[in-house]
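Scroll down for the structure; my scribbles are underneath it.
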Amino acid sequence: MRIVFTGHDGSIGEAEGRPGQRLLDVAQAAGQPLEGTCDGDMACATCHVIVDPADFARLPAASADEEDMLDLAPGATRTSRLACQIRLEPALDGLRVRIPSG
C-alpha cells in the first residue's frame, strides 16, 4: 500500500508498505526524518506525524497513552499521531501524513 509523506519543507515523498507494518518503519526505510528513539514503546514523541484531515478518520482511535504522549509533542494538532502506533492495513492505502518541523 502507498503512503505519501510531506516534509516540513513541503517536499513530497512516497513509500510502499505491507499490512501489519508500523508506519514508523515504513517512514524510516523511505528516509523520512522520524527518529523513533524509544523504538515504539511510547516513551517519546520523536515519531510524531500529522495525518491529513481527510485521512484521519480512517485510522483506529489513539489510545489514552498515545494521547498523553502527543501532549508533549511540539506542534501537535488535532490530527497528530505517533507513527509507531499506526499499523498499516489495506484500508489505509494512500494515507497522507506530514512530518512536522523539529
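Residue numbering restarts at 1 for every chain of the C-alpha cells, chains are lettered A, B, ... in their displayed order, and ligands are numbered from 1 as they appear.
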
Taking the DSSP assignment computed from this structure's backbone, write out as a list of chain:residue names all residues of range 2-94 of chain A that belong to alpha helix (DSSP H). A:Leu23, A:Leu24, A:Asp25, A:Val26, A:Ala27, A:Gln28, A:Ala29, A:Pro53, A:Ala54, A:Asp55, A:Phe56, A:Ala64, A:Asp65, A:Glu66, A:Glu67, A:Asp68, A:Met69, A:Leu70

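Using only C-alpha atoms, the contacts of range 17-29 of chain A at a cut-off of 6 Å, with sequence neighbours closer than 6 positions omitted, comprise Met1, Ala83, Cys84, Ile86, Arg87, Leu88 and Glu89 of chain A.
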
Can you tell me, as an MDAnalysis selection string, what residues are no more than 9 Å from Ala73 in chain A when counting only C-alpha atoms, ignoring any on the same chain fewer than 6 positions away? chainID A and resid 44:46 48 80
